[in-house]
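Coordinates as given in upload.csv (CSV, C-alpha atoms):
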chain,number,residue,atom,x,y,z
A,1,MET,CA,-12.4,-13.0,-6.0
A,2,ASP,CA,-8.7,-13.6,-6.4
A,3,ALA,CA,-7.1,-17.1,-6.5
A,4,GLY,CA,-6.5,-17.2,-2.8
A,5,GLU,CA,-10.0,-16.4,-1.9
A,6,ALA,CA,-11.3,-18.9,-4.5
A,7,GLN,CA,-9.3,-21.6,-2.8
A,8,LEU,CA,-10.7,-20.7,0.6
A,9,ALA,CA,-14.2,-20.5,-0.8
A,10,ASN,CA,-13.8,-23.9,-2.3
A,11,GLY,CA,-12.8,-25.1,1.1
A,12,ASP,CA,-9.3,-26.3,0.2
A,13,PRO,CA,-8.3,-27.6,3.7
A,14,ALA,CA,-4.5,-27.7,2.9
A,15,PHE,CA,-4.6,-24.1,1.9
A,16,ARG,CA,-6.5,-23.0,5.0
A,17,MET,CA,-4.5,-25.1,7.5
A,18,ASP,CA,-1.2,-23.8,6.1
A,19,PHE,CA,-2.3,-20.2,6.5
A,20,VAL,CA,-3.7,-20.7,10.0
A,21,GLU,CA,-0.6,-22.4,11.2
A,22,PHE,CA,1.6,-19.7,9.6
A,23,TYR,CA,-0.5,-17.0,11.3
A,24,ARG,CA,-0.4,-18.7,14.7
A,25,ARG,CA,3.4,-19.0,14.6
A,26,GLN,CA,4.2,-15.6,13.3
A,27,LEU,CA,1.6,-13.3,14.9
A,28,GLY,CA,3.5,-12.5,18.1
A,29,GLY,CA,6.8,-11.7,16.4
A,30,VAL,CA,5.1,-9.5,13.7
A,31,ILE,CA,3.1,-7.6,16.4
A,32,GLY,CA,6.4,-7.0,18.2
A,33,LEU,CA,8.1,-5.7,15.1
A,34,ALA,CA,5.1,-3.4,14.4
A,35,PHE,CA,5.2,-2.1,18.0
A,36,VAL,CA,8.9,-1.3,18.1
A,37,LEU,CA,8.9,0.4,14.7
A,38,SER,CA,5.6,2.3,15.1
A,39,GLY,CA,5.7,3.0,18.9
A,40,SER,CA,2.0,2.5,19.0
A,41,ARG,CA,0.7,0.1,21.7
A,42,SER,CA,-2.8,0.3,20.2
A,43,GLY,CA,-2.0,0.4,16.5
A,44,ALA,CA,0.7,-2.4,16.4
A,45,GLU,CA,-1.7,-5.2,16.3
A,46,GLU,CA,-3.7,-3.5,13.6
A,47,LEU,CA,-0.6,-3.0,11.5
A,48,ALA,CA,0.2,-6.7,12.0
A,49,GLN,CA,-3.3,-7.8,11.0
A,50,GLU,CA,-3.1,-5.7,7.8
A,51,ALA,CA,0.1,-7.4,6.9
A,52,PHE,CA,-1.4,-10.8,7.4
A,53,LEU,CA,-4.4,-9.8,5.4
A,54,SER,CA,-2.0,-8.8,2.6
A,55,ALA,CA,-0.3,-12.2,3.0
A,56,PHE,CA,-3.7,-13.9,2.9
A,57,ARG,CA,-4.5,-12.3,-0.4
A,58,VAL,CA,-1.4,-13.6,-2.1
A,59,TRP,CA,-0.9,-16.8,0.1
A,60,HIS,CA,-1.2,-19.1,-2.9
A,61,ARG,CA,2.0,-17.4,-4.1
A,62,ILE,CA,4.1,-16.7,-1.0
A,63,ALA,CA,3.3,-20.0,0.7
A,64,HIS,CA,5.9,-21.5,-1.5
A,65,TYR,CA,8.6,-19.1,-0.4
A,66,ASN,CA,11.4,-20.4,1.8
A,67,ASP,CA,10.3,-18.0,4.5
A,68,PRO,CA,6.8,-16.4,4.1
A,69,GLY,CA,7.3,-14.8,7.5
A,70,ALA,CA,10.0,-12.6,5.9
A,71,TRP,CA,7.4,-11.4,3.4
A,72,VAL,CA,5.1,-10.3,6.2
A,73,ARG,CA,7.9,-8.7,8.1
A,74,ARG,CA,8.8,-6.7,5.0
A,75,VAL,CA,5.2,-5.4,4.7
A,76,VAL,CA,5.0,-4.5,8.4
A,77,ALA,CA,8.5,-3.0,8.5
A,78,ASN,CA,7.6,-0.6,5.7
A,79,ALA,CA,4.1,0.1,7.0
A,80,ALA,CA,5.1,0.7,10.6
A,81,VAL,CA,7.7,3.4,9.7
A,82,SER,CA,5.1,5.2,7.6
A,83,ARG,CA,3.4,8.0,9.6
A,84,PHE,CA,0.3,7.7,7.4
A,85,ARG,CA,-0.2,4.0,7.9
A,86,ARG,CA,0.6,4.3,11.6
A,87,MET,CA,-2.0,7.0,12.1
A,88,ARG,CA,-4.5,5.0,10.1
A,89,ALA,CA,-3.9,1.8,12.2
A,90,GLU,CA,-4.2,3.8,15.4
A,91,ALA,CA,-7.5,5.3,14.2
A,92,ARG,CA,-8.9,1.9,13.2
A,93,ALA,CA,-7.9,0.5,16.6
A,94,VAL,CA,-9.7,3.3,18.3
A,95,PHE,CA,-12.8,2.8,16.2
A,96,ARG,CA,-12.9,-0.9,16.8
A,97,LEU,CA,-15.7,-0.8,19.2
A,98,ASP,CA,-17.2,-4.2,18.7
A,99,HIS,CA,-14.3,-6.0,20.2
A,100,ALA,CA,-12.1,-5.3,23.2
A,101,MET,CA,-9.1,-3.3,22.3
A,102,TYR,CA,-5.8,-5.2,21.9
A,103,VAL,CA,-3.3,-2.9,23.6
A,104,ILE,CA,0.2,-4.0,24.3
A,105,PRO,CA,0.8,-3.7,28.1
A,106,GLU,CA,3.1,-1.1,29.5
A,107,GLY,CA,6.6,-2.3,30.2
A,108,ASP,CA,10.0,-1.0,31.1
A,109,ALA,CA,10.2,2.7,30.6
A,110,ASP,CA,13.9,2.5,29.7
A,111,ALA,CA,13.0,0.1,27.0
A,112,ASP,CA,10.3,2.4,25.6
A,113,ARG,CA,12.7,5.3,25.6
A,114,LEU,CA,15.3,3.3,23.8
A,115,TRP,CA,12.8,2.2,21.1
A,116,ALA,CA,11.8,5.8,20.8
A,117,GLU,CA,15.4,6.7,20.0
A,118,VAL,CA,15.5,3.8,17.5
A,119,ARG,CA,12.5,5.2,15.8
A,120,ALA,CA,14.2,8.6,15.6
A,121,LEU,CA,17.0,7.0,13.4
A,122,SER,CA,16.5,6.8,9.7
A,123,SER,CA,13.7,4.4,8.7
A,124,ARG,CA,16.2,1.9,7.3
A,125,GLN,CA,18.4,1.9,10.4
A,126,ALA,CA,15.4,1.5,12.6
A,127,GLN,CA,14.1,-1.5,10.6
A,128,VAL,CA,17.5,-3.1,10.6
A,129,ILE,CA,18.0,-2.7,14.3
A,130,ALA,CA,14.5,-3.9,15.2
A,131,LEU,CA,14.9,-7.0,12.9
A,132,HIS,CA,18.3,-7.8,14.4
A,133,TYR,CA,17.6,-7.3,18.1
A,134,LEU,CA,13.9,-8.0,18.4
A,135,ASP,CA,13.4,-10.6,15.7
A,136,GLU,CA,17.0,-12.0,16.1
A,137,ARG,CA,17.5,-12.1,12.4
A,138,THR,CA,21.0,-12.4,10.8
A,139,THR,CA,22.2,-9.7,8.5
A,140,VAL,CA,21.7,-12.1,5.5
A,141,GLU,CA,18.1,-12.6,6.5
A,142,ILE,CA,17.5,-8.9,7.1
A,143,GLY,CA,18.9,-8.2,3.6
A,144,GLU,CA,16.4,-10.7,2.2
A,145,ILE,CA,13.5,-9.2,4.2
A,146,LEU,CA,14.2,-5.6,3.2
A,147,GLY,CA,15.4,-6.3,-0.3
A,148,ILE,CA,18.9,-4.8,0.3
A,149,SER,CA,22.4,-6.3,0.2
A,150,GLU,CA,24.0,-7.7,3.3
A,151,PRO,CA,26.9,-5.1,3.3
A,152,THR,CA,24.2,-2.4,3.3
A,153,VAL,CA,22.5,-4.1,6.3
A,154,LYS,CA,25.8,-4.2,8.1
A,155,THR,CA,26.4,-0.5,7.4
A,156,HIS,CA,22.9,0.5,8.6
A,157,LEU,CA,23.3,-1.7,11.7
A,158,GLN,CA,26.7,-0.1,12.6
A,159,ARG,CA,25.7,3.4,11.9
A,160,GLY,CA,22.4,3.0,13.8
A,161,ARG,CA,24.2,1.7,16.8
A,162,GLN,CA,26.8,4.5,16.6
A,163,ALA,CA,24.0,7.1,16.4
A,164,LEU,CA,22.2,5.6,19.3
A,165,ALA,CA,25.4,5.6,21.4
A,166,GLN,CA,26.0,9.2,20.5
A,167,ARG,CA,22.5,10.2,21.6
A,168,LEU,CA,22.5,8.1,24.7
A,169,GLY,CA,26.1,8.7,25.7
A,170,ALA,CA,26.7,5.0,25.7
A,171,GLU,CA,29.7,2.9,24.6
A,172,GLU,CA,29.7,1.5,21.0
A,173,ARG,CA,32.7,-0.1,19.6
B,174,MET,CA,29.3,-6.6,23.8
B,175,SER,CA,28.8,-2.8,23.9
B,176,ASP,CA,26.4,-0.9,26.1
B,177,ILE,CA,24.1,-0.3,23.2
B,178,ASP,CA,24.1,-4.0,22.3
B,179,THR,CA,23.2,-4.8,25.9
B,180,ALA,CA,20.5,-2.2,26.1
B,181,LEU,CA,18.9,-3.2,22.9
B,182,SER,CA,19.0,-6.9,23.9
B,183,GLU,CA,17.3,-6.0,27.2
B,184,ALA,CA,14.7,-3.8,25.5
B,185,ALA,CA,14.0,-6.7,23.1
B,186,ALA,CA,13.5,-9.1,26.0
B,187,ASP,CA,11.1,-6.7,27.6
B,188,THR,CA,9.2,-6.3,24.4
B,189,HIS,CA,9.0,-10.1,24.0
B,190,ARG,CA,7.6,-10.4,27.5
B,191,ARG,CA,5.0,-7.7,26.8
B,192,ILE,CA,3.9,-9.2,23.5
B,193,GLY,CA,3.5,-12.5,25.2
B,194,GLU,CA,0.9,-10.9,27.4
B,195,VAL,CA,-1.2,-9.7,24.5
B,196,PRO,CA,-4.3,-11.8,24.1
B,197,GLN,CA,-3.7,-12.9,20.5
B,198,ARG,CA,-6.7,-12.9,18.1
B,199,PRO,CA,-7.7,-16.3,16.9
B,200,ALA,CA,-6.8,-17.0,13.3
B,201,SER,CA,-10.4,-17.6,12.5
B,202,GLU,CA,-11.0,-13.9,13.1
B,203,VAL,CA,-9.0,-13.0,10.1
B,204,GLY,CA,-11.9,-14.0,8.0
B,205,ARG,CA,-14.3,-12.0,10.1
B,206,ARG,CA,-12.1,-9.0,9.8
B,207,ARG,CA,-12.5,-9.1,6.1
B,208,GLY,CA,-16.2,-8.4,6.6
B,209,ARG,CA,-15.4,-5.5,8.9
B,210,ARG,CA,-12.9,-4.3,6.4
B,211,ALA,CA,-15.6,-4.1,3.8
B,212,THR,CA,-17.5,-1.8,6.1
B,213,ALA,CA,-14.4,0.2,6.7
B,214,MET,CA,-13.8,0.5,3.0
B,215,ALA,CA,-17.4,1.7,2.5
B,216,VAL,CA,-16.8,4.4,5.2
B,217,SER,CA,-13.5,5.4,3.7
B,218,PHE,CA,-15.1,5.5,0.3
B,219,LEU,CA,-17.7,8.0,1.5
B,220,LEU,CA,-14.9,10.0,3.2
B,221,ILE,CA,-12.8,10.1,0.1
B,222,LEU,CA,-15.9,11.0,-1.9
B,223,ALA,CA,-16.5,13.9,0.4
B,224,LEU,CA,-12.8,14.9,0.2
B,225,GLY,CA,-12.9,14.4,-3.5
B,226,VAL,CA,-15.9,16.7,-3.9
B,227,SER,CA,-14.2,19.4,-1.8
B,228,GLY,CA,-10.9,18.9,-3.7
B,229,ILE,CA,-12.6,19.1,-7.1
B,230,ALA,CA,-14.5,22.2,-6.0
B,231,LEU,CA,-11.1,24.0,-5.8
B,232,PHE,CA,-11.1,23.7,-9.6
B,233,SER,CA,-14.5,25.1,-10.0
B,234,ARG,CA,-13.8,28.8,-10.0
B,235,PRO,CA,-15.5,30.9,-12.7
B,236,ALA,CA,-13.6,31.1,-15.9
B,237,ALA,CA,-13.7,34.9,-15.7
B,238,SER,CA,-11.4,34.9,-12.7
B,239,GLU,CA,-8.8,32.9,-14.5
B,240,GLY,CA,-7.7,35.5,-17.1
B,241,ASP,CA,-5.8,33.5,-19.7
B,242,GLY,CA,-5.7,30.4,-17.5
B,243,LEU,CA,-8.1,27.5,-17.1
B,244,SER,CA,-11.4,28.0,-18.9
B,245,LEU,CA,-14.3,25.7,-18.0
B,246,GLY,CA,-16.7,27.1,-20.6
B,247,GLU,CA,-20.2,26.5,-19.4
B,248,ALA,CA,-19.1,23.7,-17.1
B,249,ARG,CA,-19.6,24.1,-13.4
B,250,THR,CA,-16.5,22.2,-12.3
B,251,TYR,CA,-13.3,20.9,-13.9
B,252,TYR,CA,-14.7,17.4,-13.8
B,253,GLU,CA,-17.8,18.4,-15.7
B,254,ALA,CA,-15.6,20.2,-18.2
B,255,LEU,CA,-14.0,16.9,-19.2
B,256,GLU,CA,-15.0,15.4,-22.5
B,257,LEU,CA,-16.7,12.1,-21.4
B,258,SER,CA,-19.7,12.1,-23.6
B,259,SER,CA,-19.0,8.9,-25.4
B,260,PRO,CA,-16.8,5.8,-24.8
B,261,SER,CA,-14.3,6.9,-27.5
B,262,GLU,CA,-14.2,10.5,-26.3
B,263,ALA,CA,-13.6,9.4,-22.7
B,264,ALA,CA,-10.9,7.0,-23.7
B,265,ALA,CA,-9.2,9.7,-25.8
B,266,THR,CA,-9.5,12.1,-22.8
B,267,PHE,CA,-7.9,9.5,-20.6
B,268,GLY,CA,-5.0,8.9,-23.1
B,269,ASP,CA,-4.4,12.6,-23.6
B,270,ALA,CA,-4.2,13.2,-19.9
B,271,PHE,CA,-1.8,10.3,-19.4
B,272,GLY,CA,0.4,11.7,-22.2
B,273,ARG,CA,0.6,15.0,-20.4
B,274,ASN,CA,1.4,13.3,-17.0
B,275,ASP,CA,-1.9,14.8,-15.8
B,276,PHE,CA,-2.7,11.9,-13.5
B,277,MET,CA,-5.3,13.8,-11.6
B,278,THR,CA,-7.4,13.9,-14.7
B,279,VAL,CA,-6.5,10.2,-15.4
B,280,TRP,CA,-7.9,9.5,-11.9
B,281,LEU,CA,-11.1,11.4,-12.6
B,282,VAL,CA,-11.7,9.5,-15.8
B,283,LEU,CA,-11.3,6.2,-14.0
B,284,ASP,CA,-14.7,4.6,-13.2
B,285,ARG,CA,-15.4,4.5,-9.5
B,286,SER,CA,-15.0,0.7,-9.4
B,287,ALA,CA,-11.5,1.1,-10.9
B,288,GLN,CA,-10.7,3.8,-8.3
B,289,ASN,CA,-11.9,1.5,-5.6
B,290,GLU,CA,-9.7,-1.4,-6.8
B,291,TRP,CA,-6.6,0.8,-7.1
B,292,GLN,CA,-7.2,2.2,-3.6
B,293,GLN,CA,-7.6,-1.3,-2.2
B,294,ASP,CA,-4.4,-2.4,-3.8
B,295,PHE,CA,-2.6,0.6,-2.4
B,296,ASN,CA,-4.0,0.1,1.1
B,297,LEU,CA,-3.0,-3.5,1.1
B,298,LEU,CA,0.5,-2.7,-0.2
B,299,LEU,CA,-0.1,-4.7,-3.3
B,300,TYR,CA,2.1,-2.5,-5.3
B,301,PHE,CA,2.6,-5.0,-8.1
B,302,GLN,CA,-0.9,-4.2,-9.2
B,303,ILE,CA,0.0,-0.5,-9.4
B,304,ILE,CA,3.5,-0.2,-10.6
B,305,ASP,CA,6.1,-2.4,-12.2
B,306,ILE,CA,7.9,-3.5,-9.1
B,307,ASP,CA,10.7,-5.2,-11.0
B,308,ALA,CA,11.6,-2.0,-12.9
B,309,PHE,CA,13.9,-0.6,-10.3
B,310,PRO,CA,15.7,-2.2,-7.4
B,311,ASP,CA,15.0,0.1,-4.5
B,312,LEU,CA,11.3,0.4,-4.9
B,313,ARG,CA,10.6,0.5,-1.1
B,314,ALA,CA,13.1,3.2,-0.4
B,315,SER,CA,11.8,5.3,-3.4
B,316,LEU,CA,8.2,4.8,-2.1
B,317,GLN,CA,9.2,6.1,1.3
B,318,THR,CA,11.1,9.1,0.0
B,319,GLU,CA,9.1,10.1,-3.1
B,320,VAL,CA,5.6,9.1,-2.2
B,321,LEU,CA,4.8,8.2,1.4
B,322,THR,CA,6.5,11.1,3.2
B,323,ILE,CA,3.3,12.5,4.5
B,324,ASP,CA,4.8,15.8,5.6
B,325,THR,CA,5.3,16.7,1.9
B,326,TRP,CA,1.7,15.9,0.9
B,327,GLU,CA,-0.4,18.8,-0.3
B,328,SER,CA,-3.7,16.8,0.0
B,329,PHE,CA,-5.1,13.7,1.5
B,330,ASP,CA,-7.3,13.2,-1.6
B,331,MET,CA,-6.8,9.8,-3.3
B,332,TRP,CA,-6.2,11.5,-6.7
B,333,TYR,CA,-3.2,13.1,-5.2
B,334,LEU,CA,-1.7,9.8,-4.0
B,335,PHE,CA,-2.5,8.3,-7.4
B,336,ASP,CA,-0.7,11.2,-9.1
B,337,ARG,CA,2.4,10.8,-6.9
B,338,MET,CA,2.5,7.0,-7.5
B,339,MET,CA,2.2,7.5,-11.3
B,340,LEU,CA,4.9,10.2,-11.2
B,341,LEU,CA,7.1,7.8,-9.4
B,342,ALA,CA,6.4,5.2,-12.1
B,343,ASP,CA,7.2,7.8,-14.7
B,344,ARG,CA,10.5,8.7,-13.1
B,345,HIS,CA,11.6,5.1,-12.9
B,346,ASP,CA,10.1,3.9,-16.2
B,347,ALA,CA,7.8,1.6,-14.2
B,348,PHE,CA,4.3,2.0,-15.7
B,349,LEU,CA,2.4,-1.2,-15.8
B,350,ILE,CA,0.9,0.1,-19.1
B,351,ASP,CA,2.6,3.2,-20.6
B,352,LEU,CA,0.1,5.3,-22.5
B,353,SER,CA,2.5,8.2,-23.0
B,354,GLY,CA,2.7,7.5,-26.7
B,355,GLU,CA,0.4,9.0,-29.3
B,356,MET,CA,-3.0,7.3,-29.1
B,357,THR,CA,-5.4,6.7,-31.9
B,358,VAL,CA,-8.9,5.3,-31.3
B,359,THR,CA,-9.6,2.6,-34.0
B,360,ASP,CA,-12.9,1.0,-32.9
B,361,GLU,CA,-15.7,0.9,-30.5
B,362,THR,CA,-17.7,-2.3,-29.8
B,363,VAL,CA,-20.7,-2.6,-27.6
B,364,GLU,CA,-21.1,-5.9,-25.8
B,365,GLU,CA,-24.0,-7.0,-23.6
B,366,ASP,CA,-22.5,-5.8,-20.3
B,367,HIS,CA,-19.7,-3.5,-21.4
B,368,THR,CA,-18.3,-1.3,-24.1
B,369,ASP,CA,-14.8,-1.6,-25.4
B,370,VAL,CA,-12.8,1.1,-27.2
B,371,SER,CA,-9.8,-0.2,-29.2
B,372,ALA,CA,-6.8,2.0,-29.8
B,373,THR,CA,-3.3,1.9,-31.0
B,374,VAL,CA,-0.7,3.6,-28.7
B,375,VAL,CA,2.8,4.3,-29.9
B,376,GLY,CA,5.2,2.2,-27.9
B,377,ILE,CA,2.8,-0.7,-27.3
B,378,ASP,CA,2.6,-3.7,-29.5
B,379,GLY,CA,-0.9,-4.7,-30.5
B,380,VAL,CA,-4.3,-3.2,-29.7
B,381,VAL,CA,-5.0,-1.5,-26.4
B,382,THR,CA,-8.5,-2.0,-25.2
B,383,PHE,CA,-10.3,0.4,-22.9
B,384,ARG,CA,-13.2,-1.2,-21.1
B,385,MET,CA,-15.7,1.6,-20.4
B,386,ALA,CA,-18.6,2.1,-18.1
B,387,GLN,CA,-21.3,4.7,-18.1
B,388,ALA,CA,-22.2,6.6,-14.9
B,389,PRO,CA,-25.8,7.4,-14.1
B,390,SER,CA,-25.0,11.0,-15.2
B,391,GLY,CA,-24.3,9.6,-18.7
B,392,ARG,CA,-20.6,10.2,-18.5
B,393,TRP,CA,-18.3,7.4,-19.7
B,394,ARG,CA,-15.2,6.4,-17.8
B,395,VAL,CA,-12.5,3.8,-17.9
B,396,VAL,CA,-12.9,0.6,-15.9
B,397,GLN,CA,-9.9,-1.2,-17.3
B,398,VAL,CA,-7.0,-0.8,-19.7
B,399,ILE,CA,-6.1,-4.1,-21.3
B,400,VAL,CA,-3.0,-4.9,-23.3
B,401,PRO,CA,-2.7,-8.1,-25.4
B,402,GLY,CA,-2.6,-11.1,-23.1
B,403,GLY,CA,-3.7,-9.0,-20.2
B,404,ASP,CA,-5.3,-10.7,-17.1
B,405,GLU,CA,-8.9,-9.6,-17.2
B,406,GLU,CA,-9.1,-9.8,-13.4
B,407,SER,CA,-6.7,-6.9,-12.9
B,408,ILE,CA,-8.2,-3.5,-12.6
B,409,PRO,CA,-7.5,-0.9,-13.8
B,410,TRP,CA,-4.2,-2.1,-15.3
B,411,SER,CA,-4.6,-5.4,-17.1
B,412,THR,CA,-1.3,-6.8,-18.0
B,413,PRO,CA,-0.1,-10.4,-18.5
B,414,GLY,CA,0.6,-11.9,-15.1
B,415,ALA,CA,-0.3,-8.8,-13.2
B,416,ASN,CA,-2.7,-10.7,-10.9
B,417,PRO,CA,-1.0,-14.0,-10.3
What is this file in structure tokens?
Amino acid sequence: MDAGEAQLANGDPAFRMDFVEFYRRQLGGVIGLAFVLSGSRSGAEELAQEAFLSAFRVWHRIAHYNDPGAWVRRVVANAAVSRFRRMRAEARAVFRLDHAMYVIPEGDADADRLWAEVRALSSRQAQVIALHYLDERTTVEIGEILGISEPTVKTHLQRGRQALAQRLGAEER
Amino acid sequence: MSDIDTALSEAAADTHRRIGEVPQRPASEVGRRRGRRATAMAVSFLLILALGVSGIALFSRPAASEGDGLSLGEARTYYEALELSSPSEAAATFGDAFGRNDFMTVWLVLDRSAQNEWQQDFNLLLYFQIIDIDAFPDLRASLQTEVLTIDTWESFDMWYLFDRMMLLADRHDAFLIDLSGEMTVTDETVEEDHTDVSATVVGIDGVVTFRMAQAPSGRWRVVQVIVPGGDEESIPWSTPGANP
């Protein structure tokens, strides 16, 4: 049992409430990020849950961060671009027979096609674009989430947009 | 605003709308999922065991077919050929393999509980339990390019992932405990519930302790490697502050 689990086992209400509140606030955004970067409507929620489980294990540490949500986003951003983790999450979702499946509903086909093009970019460019447009993070925040410098974020953002424009024949200044 | 900007913003709005329709799991189910995860871990353990047996079988060709290559003597498999007959011999085998960057053998000499801990940490992305994450700045990118690119994998066996992670650590000088130096076993102590092997390793200050466990077959393997001040909760690598 690690320190986080020990605190829960001891029934520390502050510890539990903090995590529950954090989870409620962040879940939707983290699922969205996992969906956009993985492209899996069935596996996105599983990826998000795994990231929250990881956060739960070290909650005693990251709860004191300025933005624990950034920590979870970093985990899910890295997990979602990994084909291995994406496949595993999809498999787990399929095998989850004791609960109704959580599947993100179908939406605009054009949006899906655009996200598919985003996923075809380099992993870093896809992460930066998803965090910027979907999560509405600033370049400074994205740098903190991914552990890279702000100029690097700007470069990935610009090159990602240019590559998308080239593929889609759209305008990018 | 460019066309791409507009398109991405619209796609984001569509995604927000769709995620809003997802019936979100109550937070209380996170705890319940931990129970299901234990079941999943048990299933994956069995799967990995099966894969491991098939993987190890690849090394079990008769010595006669190897010419001047690998000789297993009278052993049936490579694993059975390893010298694990006593705590000290097993620790020495572990250290010798580490020194040769033979991390497949290091994995095989880890006790199953240590293998399970390592696998759990890997699955949960708790890389700080596996590798010195402060040793190099672009750990995530290196993981993606040097370890997690599944297209380059030659096996799904866990020893192979372990091997790749350890090679990554070697390339970036990021071992949590670096046993590459010459190792000398100095003592063996039997406690009520475990056996410790003490050793000196060139490059590490103080005594390195190998906590050993005996399998039902009689073979000894390494549960934990402990350096002075190591956190005893961290398995297999017990370093100061490794498990905050």
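Rounded to one decimal, atom CA of A:His156 and atom CA of A:Val128 lie 6.8 Å from each other.
Coordinates place atom CA of A:Gln127 at a distance of 10.0 Å from atom CA of A:Gly160.
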Margin query: Please list as a list in words every residue within 7 Å of stretch 110-116 of chain A, counting all atoms listed in the file and excluding residues in the same chain fewer than 3 positions away.
Written below: Val36, Gly39, Arg119 and Ala120 of chain A; Ala184 of chain B
With C-alpha atoms retained, write the just-selected residues as an mmCIF file, in the coordinates of the input.
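Okay, part_1.cif is ready:
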data_model
loop_
_atom_site.group_PDB
_atom_site.id
_atom_site.type_symbol
_atom_site.label_atom_id
_atom_site.label_comp_id
_atom_site.auth_asym_id
_atom_site.auth_seq_id
_atom_site.Cartn_x
_atom_site.Cartn_y
_atom_site.Cartn_z
ATOM 1 C CA VAL A 36 8.900 -1.300 18.100
ATOM 2 C CA GLY A 39 5.700 3.000 18.900
ATOM 3 C CA ARG A 119 12.500 5.200 15.800
ATOM 4 C CA ALA A 120 14.200 8.600 15.600
ATOM 5 C CA ALA B 184 14.700 -3.800 25.500
#
Within 7 Å of chain A: each chain B residue with its shortest pair, only C-alpha atoms, as a tab-separated table:
residue	atom	partner	partner_atom	distance
B:Ser175	CA	A:Glu172	CA	5.3
B:Asp176	CA	A:Glu171	CA	5.3
B:Ile177	CA	A:Glu172	CA	6.3
B:Leu181	CA	A:Tyr133	CA	6.4
B:Ser182	CA	A:Tyr133	CA	6.0
B:Ala184	CA	A:Ala111	CA	4.5
B:Ala185	CA	A:Leu134	CA	4.9
B:Asp187	CA	A:Asp108	CA	6.8
B:Thr188	CA	A:Gly32	CA	6.8
B:Arg191	CA	A:Pro105	CA	5.9
B:Ile192	CA	A:Gly32	CA	6.3
B:Val195	CA	A:Ile104	CA	5.9
B:Ala200	CA	A:Val20	CA	5.8
B:Leu297	CA	A:Ser54	CA	5.6
B:Leu321	CA	A:Ser82	CA	6.9
B:Ile323	CA	A:Phe84	CA	6.4
Check: Of the candidates A:Arg73, A:Arg25, A:Arg159, A:Arg167, which shows the shortest atom-to-atom distance to A:Ile145, using all atoms listed in the file?
Finding: A:Arg73
Item checked: Shell of 9 Å around B:Glu355, all atoms listed in the file, local chain residues under 5 positions omitted, as number ranges by chain -> B: 268-269, 272, 373-376
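When atom CA of B:Asn296 is paired with atom CA of B:Glu253, their separation reads 28.4 Å.
Only residues having an atom at most 10 Å from (-0.3, -7.8, -31.4) are included; using only C-alpha atoms, these are Ile377, Asp378, Gly379, Val380, Val381, Val400, Pro401 and Gly402 of chain B.
Nearest-residue note for B:Ser261: choosing from B:Leu298, B:Val320, B:Leu340, B:Val358, the minimum distance belongs to B:Val358, counting all atoms listed in the file.
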Next item on the list: Would you please work out which residue, of B:Pro409, B:Ile350, B:Pro389, B:Leu283, is nearest to B:Ala263 when using only C-alpha atoms?
Entry: B:Leu283
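Near B:Ile304, within a cut-off of 7 Å and counting all atoms listed in the file, sit the residues B:Tyr300, B:Phe301, B:Ala342, B:Ala347, B:Phe348, B:Leu349, with same-chain residues fewer than 3 positions away left out.
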